[in-house]
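This report concerns only the one structure given below.
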Amino acid sequence: MLQANHLTVGYERPLFSEFSLCLAPGECVGLYGPSGTGKTTLGRVLSGLHKPTAGSVLVNAKPLPKKGFRPVQYLYQNPLQAMNPRWRIERILTEVAPLDHDLMQMIGIEQEWLKRFPHELSGGQLQRVSILRALAGRPEYLIADEITASLDPISQAKLWQALQRIAKQQQIGVLVISHDQALLSKVCSRVLNGFEGNSFDHGASPDEPVPTELTQACASA
């Protein structure tokens with residue numbers, strides 16, 4: 001279980017305060033809210049990349065490790081932020097563990113990409129590389145921060161379908177951060193609505209999917 005207990009970031013005017021969350025293995029939960037409300041910072045806190053002012057993050061009742069591979073992996077909206085631009089894709093992917101060719105196939109990574117540099121791949125291709133790299137160390141949880149926001153609806157649908165299959169097979173909990181309600185209603189079992197620091201609706205399940213290009217693409221992909 002991933003637990004966030006009374007998290008606060010900031011002092012006199014906190015970005016958010018007293019935020020708590022529980023995410024179970026294999027569960028996919030959405031976090032919805034407008035830009036500038038601290039969703040990205042929260043994601044970084046949950047993955048151990050940003051220290052909270054107060055509160056704690058626990059995985060299986062233990063604090064996040066300060067060294068070594070993190071059990072909670074953060075996926076950036078811009079995957080280049082997590083890659084060395086001077087490394088070829090194969091080196092990026094094998095930094096943590098040997099290549100898993102079965103996962104490569106599930107995510108849709110082609111063999112010919114391995115000899116390329118990051119700037120030679122498209123945004124969707126780089127996001128696939130980023131996901132495979134995060135999965136290499138067998139994490140227990142993923143924080144997916146607007147990871148398909150810049151992709152077209154068909155690419156979004158295919159990427160999320162692959163990630164959902166892998167998360168279900170490996171019992172990886174996923175927190176999906178997005179301002180796209182249609183996406184969240186399609187891929188998540190429940191959504192935390194209206195994130196504004198500690199103000200949101202915990203809702204047990206997402207609303208009916210909004211008929212947008214994305215939901216139509218998910219149905220046909």
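Please note that chains go A, B, ... in the order of the structure tokens, that every chain numbers its residues from 1, and that ligands are numbered from 1 in the order shown.
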- Message: I want to know what sits within 12 Å of Thr8 of chain A, based on only C-alpha atoms, with residues of the same chain fewer than 6 positions away left out; could you give that as a VMD selection string?
- Response: chain A and resid 14 to 20 38 41 to 42 45 to 46 50 to 57 197 to 198
- Hey, what does DSSP flag as alpha helix (DSSP H) within segment 20-220 of chain A? Can you give it to me as number ranges by chain? A: 39-46, 89-93, 101-107, 123-135, 153-170, 181-187, 213-220
- Separation of atom CA of Arg133 of chain A from atom CA of Ser150 of chain A in Å: 19.7 Å
- Close residues, segment 88-103 of chain A itself excluded, 6 Å, only C-alpha atoms, min 4 positions apart in chain, as a VMD selection string: chain A and resid 114 to 117 133 136
- Query: In Å to one decimal, how far is atom CA of Trp87 of chain A from atom CA of Leu132 of chain A?
  - Reply: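 Atom-to-atom, atom CA of Leu132 of chain A and atom CA of Trp87 of chain A are spaced 15.8 Å apart.
Close contacts of Ser122 of chain A, defined as residues with an atom at most 12 Å away when counting only C-alpha atoms, with chain neighbours fewer than 5 positions off set aside, comprise A:Asn78, A:Pro79, A:Leu80, A:Ile109, A:Trp113, A:Arg116, A:Phe117, A:Gln127, A:Arg128, A:Val129, A:Ser150, A:Leu151, A:Asp152, A:Ser155.
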What lies within 10 Å of segment 72-77 of chain A using only C-alpha atoms, ignoring chain neighbours under 2 positions off, as a PDB file with N, CA and C atoms, in the first residue's frame?
```
ATOM      1  N   LEU A   2       0.567   2.203  -0.898  1.00  0.00           N
ATOM      2  CA  LEU A   2       1.232   3.511  -0.896  1.00  0.00           C
ATOM      3  C   LEU A   2       0.347   4.457  -0.100  1.00  0.00           C
ATOM      4  N   THR A  40       1.776  18.369  -9.726  1.00  0.00           N
ATOM      5  CA  THR A  40       3.110  17.857 -10.075  1.00  0.00           C
ATOM      6  C   THR A  40       4.000  17.763  -8.841  1.00  0.00           C
ATOM      7  N   GLY A  43       3.079  14.758  -6.930  1.00  0.00           N
ATOM      8  CA  GLY A  43       3.618  13.554  -7.550  1.00  0.00           C
ATOM      9  C   GLY A  43       5.081  13.347  -7.232  1.00  0.00           C
ATOM     10  N   ARG A  44       5.845  14.430  -7.223  1.00  0.00           N
ATOM     11  CA  ARG A  44       7.266  14.348  -6.905  1.00  0.00           C
ATOM     12  C   ARG A  44       7.482  13.997  -5.431  1.00  0.00           C
ATOM     13  N   VAL A  45       6.618  14.483  -4.560  1.00  0.00           N
ATOM     14  CA  VAL A  45       6.710  14.121  -3.139  1.00  0.00           C
ATOM     15  C   VAL A  45       6.428  12.631  -2.956  1.00  0.00           C
ATOM     16  N   LEU A  46       5.394  12.136  -3.621  1.00  0.00           N
ATOM     17  CA  LEU A  46       5.029  10.724  -3.479  1.00  0.00           C
ATOM     18  C   LEU A  46       6.125   9.791  -3.984  1.00  0.00           C
ATOM     19  N   SER A  47       6.913  10.244  -4.947  1.00  0.00           N
ATOM     20  CA  SER A  47       7.981   9.410  -5.500  1.00  0.00           C
ATOM     21  C   SER A  47       9.337   9.674  -4.846  1.00  0.00           C
ATOM     22  N   GLY A  48       9.373  10.554  -3.856  1.00  0.00           N
ATOM     23  CA  GLY A  48      10.615  10.809  -3.132  1.00  0.00           C
ATOM     24  C   GLY A  48      11.539  11.805  -3.782  1.00  0.00           C
ATOM     25  N   LEU A  49      11.063  12.539  -4.790  1.00  0.00           N
ATOM     26  CA  LEU A  49      11.895  13.519  -5.484  1.00  0.00           C
ATOM     27  C   LEU A  49      11.818  14.914  -4.860  1.00  0.00           C
ATOM     28  N   VAL A  59       5.486   3.156   1.954  1.00  0.00           N
ATOM     29  CA  VAL A  59       5.179   2.027   1.076  1.00  0.00           C
ATOM     30  C   VAL A  59       5.248   0.766   1.927  1.00  0.00           C
ATOM     31  N   LEU A  64       9.977   5.821   2.343  1.00  0.00           N
ATOM     32  CA  LEU A  64      10.658   5.651   1.061  1.00  0.00           C
ATOM     33  C   LEU A  64      12.170   5.580   1.282  1.00  0.00           C
ATOM     34  N   PRO A  65      12.855   4.672   0.588  1.00  0.00           N
ATOM     35  CA  PRO A  65      14.319   4.595   0.747  1.00  0.00           C
ATOM     36  C   PRO A  65      14.998   5.846   0.210  1.00  0.00           C
ATOM     37  N   PHE A  69      17.190   2.033  -5.934  1.00  0.00           N
ATOM     38  CA  PHE A  69      16.016   2.143  -6.787  1.00  0.00           C
ATOM     39  C   PHE A  69      14.782   2.446  -5.957  1.00  0.00           C
ATOM     40  N   ARG A  70      13.995   3.401  -6.415  1.00  0.00           N
ATOM     41  CA  ARG A  70      12.811   3.824  -5.679  1.00  0.00           C
ATOM     42  C   ARG A  70      11.610   2.949  -6.037  1.00  0.00           C
ATOM     43  N   PRO A  79       9.487  13.345 -21.156  1.00  0.00           N
ATOM     44  CA  PRO A  79      10.397  12.261 -20.764  1.00  0.00           C
ATOM     45  C   PRO A  79      11.869  12.607 -20.894  1.00  0.00           C
ATOM     46  N   LEU A  80      12.201  13.638 -21.670  1.00  0.00           N
ATOM     47  CA  LEU A  80      13.604  14.036 -21.804  1.00  0.00           C
ATOM     48  C   LEU A  80      14.200  14.485 -20.479  1.00  0.00           C
ATOM     49  N   GLN A  81      13.346  14.900 -19.542  1.00  0.00           N
ATOM     50  CA  GLN A  81      13.823  15.336 -18.233  1.00  0.00           C
ATOM     51  C   GLN A  81      14.454  14.197 -17.448  1.00  0.00           C
ATOM     52  N   ALA A  82      14.147  12.953 -17.826  1.00  0.00           N
ATOM     53  CA  ALA A  82      14.686  11.798 -17.108  1.00  0.00           C
ATOM     54  C   ALA A  82      15.736  11.052 -17.918  1.00  0.00           C
ATOM     55  N   GLY A 123       7.786  12.254 -29.501  1.00  0.00           N
ATOM     56  CA  GLY A 123       7.341  12.348 -28.115  1.00  0.00           C
ATOM     57  C   GLY A 123       6.707  11.063 -27.610  1.00  0.00           C
ATOM     58  N   GLN A 127       8.141   8.571 -24.654  1.00  0.00           N
ATOM     59  CA  GLN A 127       7.349   8.234 -23.471  1.00  0.00           C
ATOM     60  C   GLN A 127       7.308   6.722 -23.257  1.00  0.00           C
ATOM     61  N   SER A 130      10.547   5.898 -21.656  1.00  0.00           N
ATOM     62  CA  SER A 130      10.527   6.327 -20.259  1.00  0.00           C
ATOM     63  C   SER A 130       9.781   5.320 -19.383  1.00  0.00           C
ATOM     64  N   ILE A 131       8.669   4.815 -19.878  1.00  0.00           N
ATOM     65  CA  ILE A 131       7.877   3.842 -19.119  1.00  0.00           C
ATOM     66  C   ILE A 131       8.663   2.545 -18.939  1.00  0.00           C
ATOM     67  N   ARG A 133      11.864   2.130 -18.972  1.00  0.00           N
ATOM     68  CA  ARG A 133      12.981   2.396 -18.047  1.00  0.00           C
ATOM     69  C   ARG A 133      12.488   2.379 -16.599  1.00  0.00           C
ATOM     70  N   ALA A 134      11.329   2.979 -16.341  1.00  0.00           N
ATOM     71  CA  ALA A 134      10.778   3.003 -14.988  1.00  0.00           C
ATOM     72  C   ALA A 134      10.394   1.608 -14.510  1.00  0.00           C
ATOM     73  N   LEU A 135       9.939   0.774 -15.448  1.00  0.00           N
ATOM     74  CA  LEU A 135       9.510  -0.576 -15.098  1.00  0.00           C
ATOM     75  C   LEU A 135      10.676  -1.546 -14.909  1.00  0.00           C
ATOM     76  N   GLY A 137      13.209  -1.710 -12.985  1.00  0.00           N
ATOM     77  CA  GLY A 137      13.560  -2.113 -11.621  1.00  0.00           C
ATOM     78  C   GLY A 137      12.415  -2.739 -10.844  1.00  0.00           C
ATOM     79  N   ARG A 138      11.323  -3.049 -11.530  1.00  0.00           N
ATOM     80  CA  ARG A 138      10.150  -3.659 -10.904  1.00  0.00           C
ATOM     81  C   ARG A 138       9.591  -2.792  -9.773  1.00  0.00           C
ATOM     82  N   PRO A 139       9.141  -1.580 -10.099  1.00  0.00           N
ATOM     83  CA  PRO A 139       8.570  -0.714  -9.063  1.00  0.00           C
ATOM     84  C   PRO A 139       7.227  -1.239  -8.583  1.00  0.00           C
ATOM     85  N   GLU A 140       6.812  -0.751  -7.446  1.00  0.00           N
ATOM     86  CA  GLU A 140       5.509  -1.125  -6.907  1.00  0.00           C
ATOM     87  C   GLU A 140       4.429  -0.127  -7.299  1.00  0.00           C
ATOM     88  N   TYR A 141       4.856   1.123  -7.575  1.00  0.00           N
ATOM     89  CA  TYR A 141       3.909   2.181  -7.915  1.00  0.00           C
ATOM     90  C   TYR A 141       4.501   3.098  -8.977  1.00  0.00           C
ATOM     91  N   LEU A 142       3.616   3.669  -9.807  1.00  0.00           N
ATOM     92  CA  LEU A 142       3.999   4.656 -10.806  1.00  0.00           C
ATOM     93  C   LEU A 142       3.176   5.920 -10.595  1.00  0.00           C
ATOM     94  N   ILE A 143       3.836   7.064 -10.711  1.00  0.00           N
ATOM     95  CA  ILE A 143       3.153   8.354 -10.707  1.00  0.00           C
ATOM     96  C   ILE A 143       3.229   8.879 -12.137  1.00  0.00           C
ATOM     97  N   ALA A 144       2.108   8.848 -12.844  1.00  0.00           N
ATOM     98  CA  ALA A 144       2.070   9.235 -14.257  1.00  0.00           C
ATOM     99  C   ALA A 144       1.532  10.654 -14.373  1.00  0.00           C
ATOM    100  N   ASP A 145       2.452  11.613 -14.554  1.00  0.00           N
ATOM    101  CA  ASP A 145       2.103  13.039 -14.523  1.00  0.00           C
ATOM    102  C   ASP A 145       1.900  13.578 -15.944  1.00  0.00           C
ATOM    103  N   GLU A 146       0.649  13.611 -16.376  1.00  0.00           N
ATOM    104  CA  GLU A 146       0.297  14.155 -17.704  1.00  0.00           C
ATOM    105  C   GLU A 146       1.144  13.505 -18.806  1.00  0.00           C
ATOM    106  N   ILE A 147       1.363  12.191 -18.723  1.00  0.00           N
ATOM    107  CA  ILE A 147       2.341  11.561 -19.608  1.00  0.00           C
ATOM    108  C   ILE A 147       1.898  11.485 -21.068  1.00  0.00           C
ATOM    109  N   THR A 148       0.597  11.629 -21.331  1.00  0.00           N
ATOM    110  CA  THR A 148       0.149  11.580 -22.726  1.00  0.00           C
ATOM    111  C   THR A 148      -0.495  12.892 -23.170  1.00  0.00           C
ATOM    112  N   ALA A 149      -0.272  13.958 -22.408  1.00  0.00           N
ATOM    113  CA  ALA A 149      -0.934  15.233 -22.701  1.00  0.00           C
ATOM    114  C   ALA A 149      -0.574  15.785 -24.080  1.00  0.00           C
ATOM    115  N   SER A 150       0.647  15.504 -24.541  1.00  0.00           N
ATOM    116  CA  SER A 150       1.096  16.074 -25.814  1.00  0.00           C
ATOM    117  C   SER A 150       0.881  15.124 -26.999  1.00  0.00           C
ATOM    118  N   ILE A 172       0.973  -3.306 -10.194  1.00  0.00           N
ATOM    119  CA  ILE A 172       1.580  -1.998  -9.953  1.00  0.00           C
ATOM    120  C   ILE A 172       0.466  -0.972  -9.759  1.00  0.00           C
ATOM    121  N   GLY A 173       0.516  -0.257  -8.662  1.00  0.00           N
ATOM    122  CA  GLY A 173      -0.439   0.823  -8.450  1.00  0.00           C
ATOM    123  C   GLY A 173      -0.032   2.041  -9.265  1.00  0.00           C
ATOM    124  N   VAL A 174      -1.015   2.724  -9.855  1.00  0.00           N
ATOM    125  CA  VAL A 174      -0.728   3.876 -10.713  1.00  0.00           C
ATOM    126  C   VAL A 174      -1.576   5.068 -10.279  1.00  0.00           C
ATOM    127  N   LEU A 175      -0.918   6.205 -10.039  1.00  0.00           N
ATOM    128  CA  LEU A 175      -1.617   7.472  -9.818  1.00  0.00           C
ATOM    129  C   LEU A 175      -1.513   8.270 -11.096  1.00  0.00           C
ATOM    130  N   VAL A 176      -2.648   8.544 -11.723  1.00  0.00           N
ATOM    131  CA  VAL A 176      -2.688   9.264 -12.997  1.00  0.00           C
ATOM    132  C   VAL A 176      -3.032  10.714 -12.729  1.00  0.00           C
ATOM    133  N   ILE A 177      -2.074  11.618 -12.941  1.00  0.00           N
ATOM    134  CA  ILE A 177      -2.283  13.041 -12.731  1.00  0.00           C
ATOM    135  C   ILE A 177      -2.653  13.674 -14.070  1.00  0.00           C
TER     136      ILE A 177
END
```
